[in-house]
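Asker: Data file target_9.csv (CSV, C-alpha atoms) is appended below.
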chain,number,residue,atom,x,y,z
U,501,MET,CA,129.7,119.2,79.0
U,502,SER,CA,127.8,116.5,77.1
U,503,ALA,CA,127.9,114.2,80.1
U,504,ASN,CA,126.6,116.9,82.4
U,505,LEU,CA,123.8,117.7,80.0
U,506,LYS,CA,122.9,114.0,79.9
U,507,TYR,CA,122.6,113.7,83.6
U,508,LEU,CA,120.7,117.1,83.8
U,509,SER,CA,118.3,115.9,81.2
U,510,LEU,CA,117.8,112.6,83.1
U,511,GLY,CA,117.2,114.5,86.4
U,512,ILE,CA,114.6,116.8,84.7
U,513,LEU,CA,112.9,113.8,83.1
U,514,VAL,CA,112.6,111.9,86.5
U,515,PHE,CA,111.3,115.1,88.2
U,516,GLN,CA,108.8,115.7,85.4
U,517,THR,CA,107.5,112.1,85.3
U,518,THR,CA,107.2,111.9,89.1
U,519,SER,CA,105.5,115.3,89.6
U,520,LEU,CA,103.1,114.5,86.7
U,521,VAL,CA,101.9,111.3,88.3
U,522,LEU,CA,101.5,112.9,91.7
U,523,THR,CA,99.6,116.0,90.4
U,524,MET,CA,97.4,113.9,88.2
U,525,ARG,CA,96.6,111.6,91.1
U,526,TYR,CA,95.9,114.5,93.4
U,527,SER,CA,93.7,116.2,90.9
U,528,ARG,CA,91.6,113.1,90.3
U,529,THR,CA,91.1,112.2,94.0
U,530,LEU,CA,90.7,115.6,95.5
U,531,LYS,CA,87.4,115.7,97.5
U,532,GLU,CA,85.5,118.9,96.8
U,533,GLU,CA,82.0,120.0,96.1
U,534,GLY,CA,80.7,119.5,92.5
U,535,PRO,CA,81.8,117.1,89.8
U,536,ARG,CA,85.5,116.5,88.8
U,537,TYR,CA,86.9,117.8,85.6
U,538,LEU,CA,86.6,115.6,82.5
U,539,SER,CA,89.8,113.7,81.8
U,540,SER,CA,89.2,114.1,78.1
U,541,THR,CA,89.3,117.9,78.6
U,542,ALA,CA,92.8,117.6,80.2
U,543,VAL,CA,93.9,115.5,77.2
U,544,VAL,CA,92.7,118.1,74.7
U,545,ILE,CA,94.4,120.9,76.5
U,546,ALA,CA,97.7,118.9,76.7
U,547,GLU,CA,97.4,118.3,72.9
U,548,LEU,CA,96.9,122.0,72.2
U,549,LEU,CA,99.9,122.9,74.4
U,550,LYS,CA,102.0,120.2,72.6
U,551,ILE,CA,101.2,121.6,69.1
U,552,LEU,CA,101.9,125.1,70.3
U,553,ALA,CA,105.3,124.0,71.7
U,554,CYS,CA,106.2,122.1,68.5
U,555,VAL,CA,105.2,125.1,66.3
U,556,LEU,CA,107.4,127.4,68.3
U,557,LEU,CA,110.4,124.9,68.0
U,558,VAL,CA,109.8,124.7,64.2
U,559,TYR,CA,109.6,128.5,64.2
U,560,LYS,CA,113.0,128.6,66.0
U,561,ASP,CA,114.5,126.2,63.5
U,562,SER,CA,113.2,128.4,60.7
U,563,LYS,CA,115.4,131.2,62.1
U,564,CYS,CA,112.3,133.0,63.5
U,565,ASN,CA,110.9,133.7,60.1
U,566,LEU,CA,107.1,133.4,59.7
U,567,ARG,CA,107.3,132.9,55.9
U,568,THR,CA,109.8,130.1,56.3
U,569,LEU,CA,107.6,128.6,59.1
U,570,ASN,CA,104.5,128.7,56.8
U,571,ARG,CA,106.5,127.2,53.9
U,572,VAL,CA,107.9,124.4,56.1
U,573,LEU,CA,104.5,123.5,57.5
U,574,HIS,CA,102.9,123.6,54.1
U,575,ASP,CA,105.6,121.5,52.4
U,576,GLU,CA,106.0,118.9,55.2
U,577,ILE,CA,102.3,118.4,56.2
U,578,LEU,CA,99.9,119.6,53.5
U,579,ASN,CA,102.1,118.6,50.5
U,580,LYS,CA,102.9,115.2,51.9
U,581,PRO,CA,99.5,113.7,52.8
U,582,MET,CA,100.7,110.1,52.8
U,583,GLU,CA,103.5,110.8,55.2
U,584,THR,CA,101.1,112.7,57.4
U,585,LEU,CA,98.6,109.8,57.2
U,586,LYS,CA,101.2,107.4,58.6
U,587,LEU,CA,100.7,109.1,62.0
U,588,ALA,CA,97.0,108.4,62.1
U,589,ILE,CA,97.5,105.0,63.9
U,590,PRO,CA,99.9,106.1,66.7
U,591,SER,CA,98.0,109.3,67.3
U,592,GLY,CA,94.8,107.4,67.9
U,593,ILE,CA,96.6,105.0,70.2
U,594,TYR,CA,98.2,107.8,72.1
U,595,THR,CA,94.8,109.5,72.6
U,596,LEU,CA,93.4,106.2,74.0
U,597,GLN,CA,96.5,105.8,76.2
U,598,ASN,CA,96.3,109.4,77.6
U,599,ASN,CA,92.7,108.9,78.6
U,600,LEU,CA,93.4,105.5,80.1
U,601,LEU,CA,96.1,107.0,82.3
U,602,TYR,CA,93.6,109.2,84.0
U,603,VAL,CA,91.3,106.2,84.5
U,604,ALA,CA,94.2,104.3,86.1
U,605,LEU,CA,95.2,107.1,88.4
U,606,SER,CA,91.6,107.6,89.5
U,607,ASN,CA,91.6,104.0,90.7
U,608,LEU,CA,95.1,103.3,91.8
U,609,ASP,CA,97.5,105.0,94.3
U,610,ALA,CA,100.4,106.8,92.8
U,611,ALA,CA,103.1,104.3,93.8
U,612,THR,CA,101.2,101.3,92.5
U,613,TYR,CA,100.5,103.1,89.2
U,614,GLN,CA,104.1,104.3,88.8
U,615,VAL,CA,105.6,100.8,89.3
U,616,THR,CA,102.9,99.0,87.2
U,617,TYR,CA,103.2,101.5,84.4
U,618,GLN,CA,106.9,100.6,84.1
U,619,LEU,CA,105.7,97.5,82.2
U,620,LYS,CA,105.7,99.7,79.2
U,621,ILE,CA,109.5,99.1,79.2
U,622,LEU,CA,108.8,95.4,78.6
U,623,THR,CA,106.2,96.0,75.9
U,624,THR,CA,108.5,98.5,74.2
U,625,ALA,CA,111.3,95.9,74.2
U,626,LEU,CA,109.0,93.2,72.8
U,627,PHE,CA,107.7,95.4,70.0
U,628,SER,CA,111.2,96.6,69.3
U,629,VAL,CA,112.4,93.0,68.8
U,630,SER,CA,109.4,92.1,66.6
U,631,MET,CA,109.0,95.4,64.6
U,632,LEU,CA,112.5,96.8,64.4
U,633,SER,CA,114.4,93.5,64.6
U,634,LYS,CA,116.4,94.7,67.5
U,635,LYS,CA,118.5,92.2,69.5
U,636,LEU,CA,118.6,92.3,73.3
U,637,GLY,CA,121.5,90.9,75.3
U,638,VAL,CA,121.3,88.5,78.2
U,639,TYR,CA,121.5,91.3,80.9
U,640,GLN,CA,118.7,93.2,79.1
U,641,TRP,CA,116.4,90.2,79.2
U,642,LEU,CA,117.3,89.6,82.8
U,643,SER,CA,116.4,93.2,83.6
U,644,LEU,CA,113.0,92.7,82.0
U,645,VAL,CA,112.4,89.6,84.1
U,646,ILE,CA,113.3,91.4,87.3
U,647,LEU,CA,111.0,94.3,86.2
U,648,MET,CA,108.1,91.8,85.7
U,649,THR,CA,108.8,90.3,89.1
U,650,GLY,CA,108.8,93.7,90.8
U,651,VAL,CA,105.4,94.6,89.2
U,652,ALA,CA,104.0,91.2,90.3
U,653,PHE,CA,105.1,91.8,93.9
U,654,VAL,CA,103.5,95.3,93.9
U,655,GLN,CA,100.2,93.8,92.7
U,656,TRP,CA,100.3,91.0,95.2
U,657,PRO,CA,97.5,91.4,97.7
U,658,SER,CA,98.5,92.0,101.3
U,659,ASP,CA,96.6,91.7,104.6
U,660,SER,CA,96.6,95.5,105.0
U,661,GLN,CA,94.6,95.9,101.8
U,662,ALA,CA,91.8,93.8,103.3
U,663,THR,CA,91.2,96.3,106.1
U,664,PRO,CA,88.4,98.8,105.3
U,665,ALA,CA,90.2,101.6,107.2
U,666,LYS,CA,92.7,102.0,104.4
U,667,GLU,CA,91.0,103.5,101.3
U,668,HIS,CA,93.3,103.2,98.3
U,669,SER,CA,91.1,104.9,95.8
U,670,ALA,CA,87.7,106.1,95.0
U,671,GLY,CA,87.1,103.4,92.4
U,672,SER,CA,87.9,99.9,91.6
U,673,GLN,CA,91.6,98.7,91.7
U,674,PHE,CA,90.8,96.1,89.0
U,675,VAL,CA,89.6,98.8,86.6
U,676,GLY,CA,92.7,100.8,87.3
U,677,LEU,CA,94.9,97.8,86.7
U,678,ILE,CA,93.3,96.9,83.4
U,679,ALA,CA,93.5,100.5,82.3
U,680,VAL,CA,97.3,100.8,83.1
U,681,LEU,CA,98.0,97.4,81.4
U,682,ILE,CA,96.2,98.5,78.2
U,683,ALA,CA,98.1,101.8,78.4
U,684,CYS,CA,101.4,99.8,78.7
U,685,PHE,CA,100.7,97.8,75.5
U,686,SER,CA,99.5,100.9,73.6
U,687,SER,CA,102.5,102.9,74.7
U,688,GLY,CA,104.9,100.2,73.6
U,689,PHE,CA,103.4,99.7,70.2
U,690,ALA,CA,102.9,103.4,69.5
U,691,GLY,CA,106.4,104.3,70.7
U,692,VAL,CA,108.1,101.7,68.5
U,693,TYR,CA,105.8,102.5,65.5
U,694,PHE,CA,106.7,106.2,65.9
U,695,GLU,CA,110.4,105.4,66.1
U,696,LYS,CA,110.2,103.3,63.0
U,697,ILE,CA,108.6,106.2,61.1
U,698,LEU,CA,111.2,108.6,62.3
U,699,LYS,CA,114.0,106.3,61.1
U,700,GLU,CA,112.5,105.9,57.7
U,701,THR,CA,112.1,109.6,57.0
U,702,LYS,CA,114.1,112.8,57.3
U,703,GLN,CA,111.4,114.9,58.8
U,704,SER,CA,112.1,116.4,62.2
U,705,VAL,CA,110.5,115.1,65.4
U,706,TRP,CA,108.8,118.4,65.8
U,707,ILE,CA,107.1,118.1,62.4
U,708,ARG,CA,106.1,114.6,63.2
U,709,ASN,CA,104.6,115.6,66.6
U,710,ILE,CA,102.5,118.3,64.8
U,711,GLN,CA,101.3,115.6,62.4
U,712,LEU,CA,100.4,113.5,65.5
U,713,VAL,CA,98.3,116.2,67.0
U,714,CYS,CA,96.5,116.8,63.7
U,715,PHE,CA,95.0,113.3,64.0
U,716,SER,CA,94.7,113.1,67.8
U,717,SER,CA,92.8,116.3,68.3
U,718,GLU,CA,89.6,115.1,66.6
U,719,PRO,CA,89.1,111.9,68.7
U,720,SER,CA,90.2,113.8,71.8
U,721,LEU,CA,87.4,116.3,71.3
Rewrite the coordinates I just gave you, this time as structure tokens.
Answerer:
Amino acid sequence: MSANLKYLSLGILVFQTTSLVLTMRYSRTLKEEGPRYLSSTAVVIAELLKILACVLLVYKDSKCNLRTLNRVLHDEILNKPMETLKLAIPSGIYTLQNNLLYVALSNLDAATYQVTYQLKILTTALFSVSMLSKKLGVYQWLSLVILMTGVAFVQWPSDSQATPAKEHSAGSQFVGLIAVLIACFSSGFAGVYFEKILKETKQSVWIRNIQLVCFSSEPSL
């Protein structure tokens, strides 16, 4: 049962990641009358949905009791200001990253973005080694080298890109590339930093996500 759940979760994750990139790319390049929506607005709405989902999960863990939910939120967030303050750094970085992803998808095609954004695996590995003292095996380092090679090949200019008939995006590919590279580094650092905090404390990941949104909502707005 656990193995089936693992593969089911993997399949859902792949579908969610792929569909998210395609829908974001489509929404940012759709040609229609009037201005496009603000990417910052989409980020704010996503943060609101995130905190709503996390509160519902904490409510479920509290046995669907509003008093217990209120007590848990008060004790874990308001009564522990220093613990909550630890999430200020990654929340700001995640806000920057989420906005950069919209910039990248507005200037890169979905396939190039998806492959290039996988560099976050490399940055996460490097930050894990430096911040969490993790040790990577030979095959893991080899996999990272292959990943870097694949991203380099994707970014390598081809003759077809020089033809004006093929329009890749409405903006500059260079801007999109810089945006996705910054997002990769910010994702790697924030992810490892968040993992470090989770390992050092006993608070649930749902509480930690609520604390994240408390700090990310202001810069998003």
Asker: Compile the contact shell of region 573-576 of chain U as a list in words: residues with an atom at most 10 Å away, counting only C-alpha atoms, same-chain residues fewer than 4 positions apart removed.
Answerer: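 Those residues are Val555, Val558, Tyr559, Arg567, Thr568, Leu569, Lys580, Pro581, Glu583, Thr584, Gln703, Ser704, Ile707, Arg708, Ile710 and Gln711 of chain U.
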Asker: Fewer than 3 positions away in the same chain doesn't count, so skip those; otherwise give me all residues within 12 Å of region 529-541 of chain U, counting all atoms listed in the file, as a VMD selection string.
Answerer: chain U and resid 522 to 526 544 to 548 595 to 610 667 to 671 716 to 721
Asker: Mind giving me the straight-line distance from CA of Ala679 (chain U) to CA of Leu619 (chain U) in Å, one decimal?
Answerer: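 Result for CA of Ala679 (chain U) versus CA of Leu619 (chain U): 12.6 Å, one decimal.
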Asker: Grab the CA of Gly676 (chain U) to CA of Thr624 (chain U) distance for me, in Å with one decimal place.
Answerer: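 Answer for the CA of Gly676 (chain U) to CA of Thr624 (chain U) separation: 20.7 Å.
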Asker: When you count only C-alpha atoms, which of these residues is closest to Leu681 (chain U): U:Val615, U:Ile512, U:Ala625, U:Cys714?
Answerer: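 Checking each of U:Val615, U:Ile512, U:Ala625, U:Cys714 against Leu681 (chain U), counting only C-alpha atoms, the winner is U:Val615.
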Asker: Taking all atoms listed in the file into account, which of U:Ala690, U:Ala611, U:Val572, U:Leu647 comes nearest Pro590 (chain U)?
Answerer: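 Between U:Ala690, U:Ala611, U:Val572, U:Leu647, the residue approaching Pro590 (chain U) most closely is U:Ala690.
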Asker: If you measure from CA of Gln673 (chain U) to CA of Ile593 (chain U), what distance in Å do you get, rounded to one decimal?
Answerer: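 CA of Gln673 (chain U) sits 23.0 Å away from CA of Ile593 (chain U).
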Asker: Taking the point (98.3, 111.1, 65.9) as given in the file, collect each protein or nucleic acid residue that comes within 6 Å of it, counting only C-alpha atoms, and present the set as a list of chain:residue names.
Answerer: U:Leu587, U:Ala588, U:Pro590, U:Ser591, U:Gly592, U:Leu712, U:Val713, U:Phe715, U:Ser716
Asker: Okay, now the selection with C-alpha atoms, as a compact mmCIF listing (two decimals), keeping the file's coordinate frame?
Answerer:
# COMPACT_ATOMS: atom_id res chain seq x y z
CA LEU U 587 100.70 109.10 62.00
CA ALA U 588 97.00 108.40 62.10
CA PRO U 590 99.90 106.10 66.70
CA SER U 591 98.00 109.30 67.30
CA GLY U 592 94.80 107.40 67.90
CA LEU U 712 100.40 113.50 65.50
CA VAL U 713 98.30 116.20 67.00
CA PHE U 715 95.00 113.30 64.00
CA SER U 716 94.70 113.10 67.80
Asker: I'd like the neighbourhood of region 633-645 of chain U as a VMD selection string, where a residue qualifies if any of its atoms comes within 12 Å (using all atoms listed in the file), though same-chain residues fewer than 5 positions away should be ignored.
Answerer: chain U and resid 618 to 628 650 to 652 692 696
Asker: Between U:Ile577, U:Ala542, U:Met648, U:Cys564, single out the one closest to Thr616 (chain U), counting all atoms listed in the file.
Answerer: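 Closest to Thr616 (chain U), using all atoms listed in the file: U:Met648.
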Asker: Please write N, CA and C atoms of region 617-660 of chain U, from the structure given just now, as a PDB file, in the first residue's frame.
Answerer:
ATOM      1  N   TYR U 617      14.938  25.235 -15.216  1.00  0.00           N
ATOM      2  CA  TYR U 617      14.567  25.369 -13.808  1.00  0.00           C
ATOM      3  C   TYR U 617      14.982  24.155 -12.977  1.00  0.00           C
ATOM      4  N   GLN U 618      15.303  23.058 -13.669  1.00  0.00           N
ATOM      5  CA  GLN U 618      15.781  21.879 -12.946  1.00  0.00           C
ATOM      6  C   GLN U 618      17.159  22.103 -12.329  1.00  0.00           C
ATOM      7  N   LEU U 619      17.802  23.213 -12.669  1.00  0.00           N
ATOM      8  CA  LEU U 619      19.060  23.564 -12.009  1.00  0.00           C
ATOM      9  C   LEU U 619      18.868  23.777 -10.511  1.00  0.00           C
ATOM     10  N   LYS U 620      17.624  23.942 -10.089  1.00  0.00           N
ATOM     11  CA  LYS U 620      17.374  24.088  -8.654  1.00  0.00           C
ATOM     12  C   LYS U 620      17.779  22.811  -7.907  1.00  0.00           C
ATOM     13  N   ILE U 621      17.793  21.669  -8.606  1.00  0.00           N
ATOM     14  CA  ILE U 621      18.279  20.429  -7.987  1.00  0.00           C
ATOM     15  C   ILE U 621      19.757  20.570  -7.640  1.00  0.00           C
ATOM     16  N   LEU U 622      20.524  21.180  -8.564  1.00  0.00           N
ATOM     17  CA  LEU U 622      21.947  21.403  -8.325  1.00  0.00           C
ATOM     18  C   LEU U 622      22.161  22.381  -7.180  1.00  0.00           C
ATOM     19  N   THR U 623      21.458  23.503  -7.195  1.00  0.00           N
ATOM     20  CA  THR U 623      21.646  24.493  -6.137  1.00  0.00           C
ATOM     21  C   THR U 623      21.196  23.948  -4.782  1.00  0.00           C
ATOM     22  N   THR U 624      20.122  23.159  -4.773  1.00  0.00           N
ATOM     23  CA  THR U 624      19.672  22.550  -3.523  1.00  0.00           C
ATOM     24  C   THR U 624      20.717  21.595  -2.976  1.00  0.00           C
ATOM     25  N   ALA U 625      21.329  20.811  -3.868  1.00  0.00           N
ATOM     26  CA  ALA U 625      22.372  19.879  -3.447  1.00  0.00           C
ATOM     27  C   ALA U 625      23.575  20.621  -2.868  1.00  0.00           C
ATOM     28  N   LEU U 626      23.988  21.697  -3.525  1.00  0.00           N
ATOM     29  CA  LEU U 626      25.142  22.468  -3.045  1.00  0.00           C
ATOM     30  C   LEU U 626      24.862  23.118  -1.696  1.00  0.00           C
ATOM     31  N   PHE U 627      23.665  23.685  -1.534  1.00  0.00           N
ATOM     32  CA  PHE U 627      23.315  24.286  -0.250  1.00  0.00           C
ATOM     33  C   PHE U 627      23.136  23.227   0.832  1.00  0.00           C
ATOM     34  N   SER U 628      22.674  22.034   0.458  1.00  0.00           N
ATOM     35  CA  SER U 628      22.545  20.951   1.436  1.00  0.00           C
ATOM     36  C   SER U 628      23.905  20.511   1.956  1.00  0.00           C
ATOM     37  N   VAL U 629      24.883  20.462   1.059  1.00  0.00           N
ATOM     38  CA  VAL U 629      26.239  20.095   1.465  1.00  0.00           C
ATOM     39  C   VAL U 629      26.838  21.155   2.378  1.00  0.00           C
ATOM     40  N   SER U 630      26.624  22.423   2.051  1.00  0.00           N
ATOM     41  CA  SER U 630      27.246  23.503   2.824  1.00  0.00           C
ATOM     42  C   SER U 630      26.501  23.830   4.116  1.00  0.00           C
ATOM     43  N   MET U 631      25.168  23.753   4.109  1.00  0.00           N
ATOM     44  CA  MET U 631      24.385  24.175   5.265  1.00  0.00           C
ATOM     45  C   MET U 631      23.968  23.023   6.172  1.00  0.00           C
ATOM     46  N   LEU U 632      23.720  21.849   5.590  1.00  0.00           N
ATOM     47  CA  LEU U 632      23.271  20.703   6.378  1.00  0.00           C
ATOM     48  C   LEU U 632      24.339  19.628   6.528  1.00  0.00           C
ATOM     49  N   SER U 633      25.516  19.880   5.940  1.00  0.00           N
ATOM     50  CA  SER U 633      26.646  18.939   6.012  1.00  0.00           C
ATOM     51  C   SER U 633      26.282  17.567   5.451  1.00  0.00           C
ATOM     52  N   LYS U 634      25.458  17.565   4.418  1.00  0.00           N
ATOM     53  CA  LYS U 634      25.112  16.303   3.775  1.00  0.00           C
ATOM     54  C   LYS U 634      26.260  15.837   2.882  1.00  0.00           C
ATOM     55  N   LYS U 635      26.362  14.541   2.714  1.00  0.00           N
ATOM     56  CA  LYS U 635      27.389  13.964   1.858  1.00  0.00           C
ATOM     57  C   LYS U 635      26.730  13.301   0.654  1.00  0.00           C
ATOM     58  N   LEU U 636      27.196  13.655  -0.527  1.00  0.00           N
ATOM     59  CA  LEU U 636      26.653  13.089  -1.757  1.00  0.00           C
ATOM     60  C   LEU U 636      27.602  12.026  -2.294  1.00  0.00           C
ATOM     61  N   GLY U 637      27.019  10.947  -2.819  1.00  0.00           N
ATOM     62  CA  GLY U 637      27.809   9.877  -3.391  1.00  0.00           C
ATOM     63  C   GLY U 637      28.299  10.224  -4.793  1.00  0.00           C
ATOM     64  N   VAL U 638      29.105   9.321  -5.323  1.00  0.00           N
ATOM     65  CA  VAL U 638      29.675   9.533  -6.655  1.00  0.00           C
ATOM     66  C   VAL U 638      28.577   9.614  -7.709  1.00  0.00           C
ATOM     67  N   TYR U 639      27.602   8.720  -7.635  1.00  0.00           N
ATOM     68  CA  TYR U 639      26.520   8.701  -8.630  1.00  0.00           C
ATOM     69  C   TYR U 639      25.659   9.959  -8.526  1.00  0.00           C
ATOM     70  N   GLN U 640      25.511  10.494  -7.325  1.00  0.00           N
ATOM     71  CA  GLN U 640      24.730  11.721  -7.170  1.00  0.00           C
ATOM     72  C   GLN U 640      25.440  12.912  -7.801  1.00  0.00           C
ATOM     73  N   TRP U 641      26.756  13.006  -7.594  1.00  0.00           N
ATOM     74  CA  TRP U 641      27.517  14.080  -8.237  1.00  0.00           C
ATOM     75  C   TRP U 641      27.515  13.921  -9.751  1.00  0.00           C
ATOM     76  N   LEU U 642      27.609  12.661 -10.215  1.00  0.00           N
ATOM     77  CA  LEU U 642      27.574  12.400 -11.654  1.00  0.00           C
ATOM     78  C   LEU U 642      26.226  12.814 -12.235  1.00  0.00           C
ATOM     79  N   SER U 643      25.153  12.550 -11.506  1.00  0.00           N
ATOM     80  CA  SER U 643      23.818  12.949 -11.964  1.00  0.00           C
ATOM     81  C   SER U 643      23.709  14.470 -12.082  1.00  0.00           C
ATOM     82  N   LEU U 644      24.321  15.177 -11.136  1.00  0.00           N
ATOM     83  CA  LEU U 644      24.290  16.636 -11.181  1.00  0.00           C
ATOM     84  C   LEU U 644      25.071  17.178 -12.379  1.00  0.00           C
ATOM     85  N   VAL U 645      26.203  16.527 -12.701  1.00  0.00           N
ATOM     86  CA  VAL U 645      26.980  16.938 -13.873  1.00  0.00           C
ATOM     87  C   VAL U 645      26.184  16.709 -15.155  1.00  0.00           C
ATOM     88  N   ILE U 646      25.496  15.574 -15.233  1.00  0.00           N
ATOM     89  CA  ILE U 646      24.655  15.289 -16.405  1.00  0.00           C
ATOM     90  C   ILE U 646      23.527  16.303 -16.511  1.00  0.00           C
ATOM     91  N   LEU U 647      22.966  16.685 -15.360  1.00  0.00           N
ATOM     92  CA  LEU U 647      21.904  17.698 -15.350  1.00  0.00           C
ATOM     93  C   LEU U 647      22.416  19.025 -15.896  1.00  0.00           C
ATOM     94  N   MET U 648      23.588  19.448 -15.445  1.00  0.00           N
ATOM     95  CA  MET U 648      24.170  20.691 -15.928  1.00  0.00           C
ATOM     96  C   MET U 648      24.430  20.638 -17.426  1.00  0.00           C
ATOM     97  N   THR U 649      24.896  19.482 -17.909  1.00  0.00           N
ATOM     98  CA  THR U 649      25.160  19.319 -19.336  1.00  0.00           C
ATOM     99  C   THR U 649      23.872  19.434 -20.140  1.00  0.00           C
ATOM    100  N   GLY U 650      22.816  18.812 -19.638  1.00  0.00           N
ATOM    101  CA  GLY U 650      21.528  18.879 -20.333  1.00  0.00           C
ATOM    102  C   GLY U 650      20.991  20.293 -20.411  1.00  0.00           C
ATOM    103  N   VAL U 651      21.115  21.041 -19.306  1.00  0.00           N
ATOM    104  CA  VAL U 651      20.651  22.431 -19.313  1.00  0.00           C
ATOM    105  C   VAL U 651      21.475  23.268 -20.289  1.00  0.00           C
ATOM    106  N   ALA U 652      22.797  23.005 -20.339  1.00  0.00           N
ATOM    107  CA  ALA U 652      23.661  23.737 -21.258  1.00  0.00           C
ATOM    108  C   ALA U 652      23.258  23.480 -22.706  1.00  0.00           C
ATOM    109  N   PHE U 653      22.941  22.229 -23.037  1.00  0.00           N
ATOM    110  CA  PHE U 653      22.518  21.895 -24.399  1.00  0.00           C
ATOM    111  C   PHE U 653      21.200  22.576 -24.760  1.00  0.00           C
ATOM    112  N   VAL U 654      20.309  22.661 -23.787  1.00  0.00           N
ATOM    113  CA  VAL U 654      19.018  23.309 -24.049  1.00  0.00           C
ATOM    114  C   VAL U 654      19.212  24.789 -24.365  1.00  0.00           C
ATOM    115  N   GLN U 655      20.146  25.428 -23.659  1.00  0.00           N
ATOM    116  CA  GLN U 655      20.386  26.855 -23.857  1.00  0.00           C
ATOM    117  C   GLN U 655      21.292  27.146 -25.048  1.00  0.00           C
ATOM    118  N   TRP U 656      21.886  26.104 -25.633  1.00  0.00           N
ATOM    119  CA  TRP U 656      22.806  26.321 -26.746  1.00  0.00           C
ATOM    120  C   TRP U 656      22.041  26.850 -27.957  1.00  0.00           C
ATOM    121  N   PRO U 657      22.468  27.953 -28.535  1.00  0.00           N
ATOM    122  CA  PRO U 657      21.721  28.520 -29.668  1.00  0.00           C
ATOM    123  C   PRO U 657      21.790  27.625 -30.890  1.00  0.00           C
ATOM    124  N   SER U 658      20.667  27.538 -31.609  1.00  0.00           N
ATOM    125  CA  SER U 658      20.593  26.735 -32.823  1.00  0.00           C
ATOM    126  C   SER U 658      20.253  27.625 -34.008  1.00  0.00           C
ATOM    127  N   ASP U 659      20.400  27.086 -35.207  1.00  0.00           N
ATOM    128  CA  ASP U 659      20.128  27.858 -36.417  1.00  0.00           C
ATOM    129  C   ASP U 659      18.662  28.244 -36.519  1.00  0.00           C
ATOM    130  N   SER U 660      17.796  27.368 -35.997  1.00  0.00           N
ATOM    131  CA  SER U 660      16.360  27.646 -36.103  1.00  0.00           C
ATOM    132  C   SER U 660      15.951  28.852 -35.275  1.00  0.00           C
TER     133      SER U 660
END
